[in-house]
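Enquirer: Below is a structure I'd like to ask you about.
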Amino acid sequence: MADDSRNRRRGIIGSYAAIGDSFTEGVGDPGPDGSLVGWADRFAVLLADQLPVPRALADSADDPHGSFRYANLAVRGRLLDQIVEEQVPRAKELAPDLVSFCAGGNDILRPGSDPDDVADRFERAVAELTQAVGTVMVTTGFDTRSIPVLKHLRGKIATFTAHVRSIADRYDCPVLDLWSLRSVQDRRAWDNDRLHLSPEGHTRVALRAAQVLGLEVPADPDQVWPPQIHRGAFEVRRDDIQWAREYLVPWIGRRLRGESSGDHVEAKRPDLLPL
């Protein structure tokens, strides 16, 4: 599938709200103080830098553009219907110039889920958002061919991704196409839990998001990773066993108990605030 995500140009964006789950909240990318950063926060900085005036002058009374404002409504573990119920109304209320909408991934991971049904509900949310905000940028799934456990769901993720691109065409939405981002196929793009991106992975997604809107970026998100030292089969197997014990078993356990990693977690940035 051709990647046209670097050919879109939009007007000046003075406000941005991010909607989604752990991916958009920034899990896997802790800041110096331990709080989560993530691709959406990094993307917000790139958006702020595209304003015609320096951010340091954005609060000046003489500045006709005002300060760049950003909200992150995403909460880890949220399913699509929860995102639509909790976050979409807030995004409509804030009415920013841009909303990034990444949802449905946790639904697809559930046994027995139907990507066609998830896509139908996803489209209704996109239709609702596009009537209330400036631009809605939708996000595809990752190509999980090299990710343990998730590689078995590649067909469902590919089906949902095809739907997302079709929905984007119908509603004139820019597409953050993660399936075509080759650099995140590298193990170093992922956190130790192998379910969330690492800081470098989040950075590369932020750069691609900026490219989607036609912004100049300081680095190529698909830049080739430096060579790695070869690891033997024994080391790989040992790491796989450790990963299963530390991350996979607890993840499966939460699902069997009907628990979510986002229980009792609130949005980290529920208001449009200056950066």
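Letters A, B, ... mark the chains of the structure tokens in the order given; residue numbers begin at 1 per chain; ligand numbers begin at 1, in order shown.
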Which residues of range 58-162 of chain A have any atom within 6 Å of an atom in range 20-31 of chain A when counting only C-alpha atoms, and what is the closest pair of atoms for each, with the distance in Å to one decimal? Order the rows by chain and rising number and write it as a Markdown table.
Expert:
```
| residue | atom | partner | partner_atom | distance |
| --- | --- | --- | --- | --- |
| A:Ala74 | CA | A:Gly20 | CA | 4.4 |
| A:Val75 | CA | A:Asp21 | CA | 4.8 |
| A:Arg76 | CA | A:Ser22 | CA | 3.7 |
| A:Gly77 | CA | A:Asp21 | CA | 5.8 |
| A:Arg78 | CA | A:Asp21 | CA | 5.3 |
| A:Cys102 | CA | A:Gly20 | CA | 4.9 |
| A:Ala103 | CA | A:Gly20 | CA | 5.3 |
```
Enquirer: Those residues with N, CA, C and O atoms, as a PDB file, in the first residue's frame please?
Expert:
```
ATOM      1  N   ALA A  74      -5.447  11.037  26.322  1.00  0.00           N
ATOM      2  CA  ALA A  74      -5.291   9.585  26.222  1.00  0.00           C
ATOM      3  C   ALA A  74      -5.075   8.945  27.589  1.00  0.00           C
ATOM      4  O   ALA A  74      -4.411   9.512  28.467  1.00  0.00           O
ATOM      5  N   VAL A  75      -5.629   7.731  27.747  1.00  0.00           N
ATOM      6  CA  VAL A  75      -5.462   6.957  28.968  1.00  0.00           C
ATOM      7  C   VAL A  75      -5.192   5.505  28.578  1.00  0.00           C
ATOM      8  O   VAL A  75      -5.921   4.924  27.758  1.00  0.00           O
ATOM      9  N   ARG A  76      -4.175   4.925  29.161  1.00  0.00           N
ATOM     10  CA  ARG A  76      -3.773   3.552  28.848  1.00  0.00           C
ATOM     11  C   ARG A  76      -4.920   2.564  29.063  1.00  0.00           C
ATOM     12  O   ARG A  76      -5.769   2.742  29.938  1.00  0.00           O
ATOM     13  N   GLY A  77      -4.932   1.534  28.234  1.00  0.00           N
ATOM     14  CA  GLY A  77      -5.898   0.456  28.406  1.00  0.00           C
ATOM     15  C   GLY A  77      -7.293   0.731  27.879  1.00  0.00           C
ATOM     16  O   GLY A  77      -8.148  -0.161  27.889  1.00  0.00           O
ATOM     17  N   ARG A  78      -7.547   1.935  27.393  1.00  0.00           N
ATOM     18  CA  ARG A  78      -8.905   2.275  26.980  1.00  0.00           C
ATOM     19  C   ARG A  78      -9.289   1.575  25.676  1.00  0.00           C
ATOM     20  O   ARG A  78      -8.523   1.538  24.716  1.00  0.00           O
ATOM     21  N   CYS A 102      -6.310   7.991  17.741  1.00  0.00           N
ATOM     22  CA  CYS A 102      -5.741   6.640  17.664  1.00  0.00           C
ATOM     23  C   CYS A 102      -6.500   5.756  18.629  1.00  0.00           C
ATOM     24  O   CYS A 102      -6.373   5.898  19.850  1.00  0.00           O
ATOM     25  N   ALA A 103      -7.330   4.863  18.091  1.00  0.00           N
ATOM     26  CA  ALA A 103      -8.185   4.039  18.931  1.00  0.00           C
ATOM     27  C   ALA A 103      -8.509   2.740  18.205  1.00  0.00           C
ATOM     28  O   ALA A 103      -8.423   2.667  16.978  1.00  0.00           O
TER      29      ALA A 103
END
```
Enquirer: Counting only C-alpha atoms, which residues of range 126-200 of chain A sit at most 9 Å from some atom of range 89-100 of chain A, and what is each one's closest atom pair with its distance in Å to one decimal, listed by chain and rising residue number, as JSON lines?
Expert:
```
{"residue": "A:Glu128", "atom": "CA", "partner": "A:Lys92", "partner_atom": "CA", "distance": 8.7}
{"residue": "A:Leu129", "atom": "CA", "partner": "A:Lys92", "partner_atom": "CA", "distance": 6.7}
{"residue": "A:Gln131", "atom": "CA", "partner": "A:Lys92", "partner_atom": "CA", "distance": 8.8}
{"residue": "A:Ala132", "atom": "CA", "partner": "A:Lys92", "partner_atom": "CA", "distance": 5.5}
{"residue": "A:Val133", "atom": "CA", "partner": "A:Ala95", "partner_atom": "CA", "distance": 4.9}
{"residue": "A:Gly134", "atom": "CA", "partner": "A:Asp97", "partner_atom": "CA", "distance": 4.4}
{"residue": "A:Thr135", "atom": "CA", "partner": "A:Leu98", "partner_atom": "CA", "distance": 4.7}
{"residue": "A:Val136", "atom": "CA", "partner": "A:Val99", "partner_atom": "CA", "distance": 4.9}
{"residue": "A:Met137", "atom": "CA", "partner": "A:Ser100", "partner_atom": "CA", "distance": 4.7}
{"residue": "A:Val138", "atom": "CA", "partner": "A:Ser100", "partner_atom": "CA", "distance": 5.9}
{"residue": "A:Thr139", "atom": "CA", "partner": "A:Ser100", "partner_atom": "CA", "distance": 7.5}
{"residue": "A:Leu176", "atom": "CA", "partner": "A:Ser100", "partner_atom": "CA", "distance": 8.8}
```
Enquirer: Skipping near chain neighbours, those fewer than 4 positions away, what residues fall within 9 Å of Asp116 in chain A using only C-alpha atoms, listed as a list of chain:residue names?
Expert: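 Within the cut-off, the hits are A:Asp120, A:Arg121, A:Thr159, A:Phe160, A:His163.
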Enquirer: To test your reading of the structure, identify every residue in range 77-176 of chain A that backbone DSSP assigns to helix (DSSP H, G or I), and report it as an NGL selection string.
Expert: :A and (80-86 or 88-94 or 105-109 or 115-130 or 150-171)
Enquirer: Excluding same-chain residues fewer than 5 positions from Lys156 in chain A, what lies within 8 Å of it counting only C-alpha atoms, as a ChimeraX atom specification?
Expert: /A:108,114-115
Enquirer: Would you please work out which residue, of A:Asp81, A:Asp172, A:Asp222, A:Asp117, is nearest to Thr130 in chain A when using only C-alpha atoms?
Expert: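 Under the stated criterion, the closest residue is A:Asp172.
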Enquirer: What's the separation between CA of Ala48 in chain A and CA of Pro274 in chain A, in Å to one decimal place?
Expert: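 Atom-to-atom, CA of Ala48 in chain A to CA of Pro274 in chain A, that is 9.3 Å.
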Enquirer: In Å, with one decimal, what is the gap from CA of Thr203 in chain A to CA of Arg42 in chain A?
Expert: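 So the answer is 6.8 Å.
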Enquirer: One number please: CA of Glu216 in chain A to CA of Ile12 in chain A, in Å, one decimal.
Expert: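 The value is 13.1 Å.
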Enquirer: Among range 64-265 of chain A, which residues carry a DSSP assignment of strand (DSSP E or B), reported as an MDAnalysis selection string?
Expert: chainID A and resid 69:72 98:101 135:139 175:176 190 197
Enquirer: Write the residues of the preceding selection, restricted to C-alpha atoms, as a PDB file, in the first residue's frame.
Expert:
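So out-v9.pdb came out as:
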```pdb
ATOM      1  CA  ARG A  69      -1.934  25.048  23.219  1.00  0.00           C
ATOM      2  CA  TYR A  70      -1.917  21.298  23.706  1.00  0.00           C
ATOM      3  CA  ALA A  71      -4.075  18.704  25.490  1.00  0.00           C
ATOM      4  CA  ASN A  72      -3.461  14.974  25.862  1.00  0.00           C
ATOM      5  CA  LEU A  98      -6.031  19.445  15.198  1.00  0.00           C
ATOM      6  CA  VAL A  99      -7.040  16.191  16.887  1.00  0.00           C
ATOM      7  CA  SER A 100      -5.063  12.958  16.567  1.00  0.00           C
ATOM      8  CA  PHE A 101      -7.389   9.977  16.911  1.00  0.00           C
ATOM      9  CA  THR A 135      -8.587  18.546  11.321  1.00  0.00           C
ATOM     10  CA  VAL A 136      -8.691  14.918  12.487  1.00  0.00           C
ATOM     11  CA  MET A 137      -5.528  12.892  11.931  1.00  0.00           C
ATOM     12  CA  VAL A 138      -6.174   9.150  12.151  1.00  0.00           C
ATOM     13  CA  THR A 139      -3.590   6.491  12.972  1.00  0.00           C
ATOM     14  CA  VAL A 175      -3.133   9.505   7.989  1.00  0.00           C
ATOM     15  CA  LEU A 176      -0.335   8.726  10.416  1.00  0.00           C
ATOM     16  CA  TRP A 190      10.123  -1.005  21.494  1.00  0.00           C
ATOM     17  CA  LEU A 197       7.357   1.995  22.018  1.00  0.00           C
TER      18      LEU A 197
END
```
Enquirer: Which residues come within 9 Å of range 204-212 of chain A, counting only C-alpha atoms, excluding same-chain residues fewer than 4 positions away, as a ChimeraX atom specification?
Expert: /A:4-9,38-44,46-47,137,174-178,181,183-184,189,199-200,216-223
Enquirer: Would you please work out which residue, of A:Gly11, A:Ile167, A:Tyr16, A:Pro52, is nearest to Pro270 in chain A when using only C-alpha atoms?
Expert: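 Ranking A:Gly11, A:Ile167, A:Tyr16, A:Pro52 by distance to Pro270 in chain A, first place goes to A:Tyr16.
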Enquirer: Closest to Asp240 in chain A among A:Asn192, A:Ser261, A:Gln228, A:Ser166, using only C-alpha atoms?
Expert: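 Of the candidates, the smallest distance to Asp240 in chain A is held by A:Asn192.
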Enquirer: Here is a test: counting only C-alpha atoms, which residue of A:His196, A:Glu266, A:Leu36, A:Leu109 is nearest to Gly155 in chain A?
Expert: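 Closest to Gly155 in chain A, using only C-alpha atoms: A:Leu109.
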Enquirer: Given only C-alpha atoms as the basis, pick out the residue of A:Ala17, A:Val249, A:Ile229, A:Val84 nearest to Leu272 in chain A.
Expert: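 Among the listed residues, A:Ala17 lies closest to Leu272 in chain A.
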Enquirer: Ranking A:Gly232, A:Gly105, A:Pro227, A:Gly253 by minimum distance to Thr144 in chain A and counting only C-alpha atoms, which one comes first?
Expert: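 Answer, going by the shortest atom-to-atom distance: A:Gly105.
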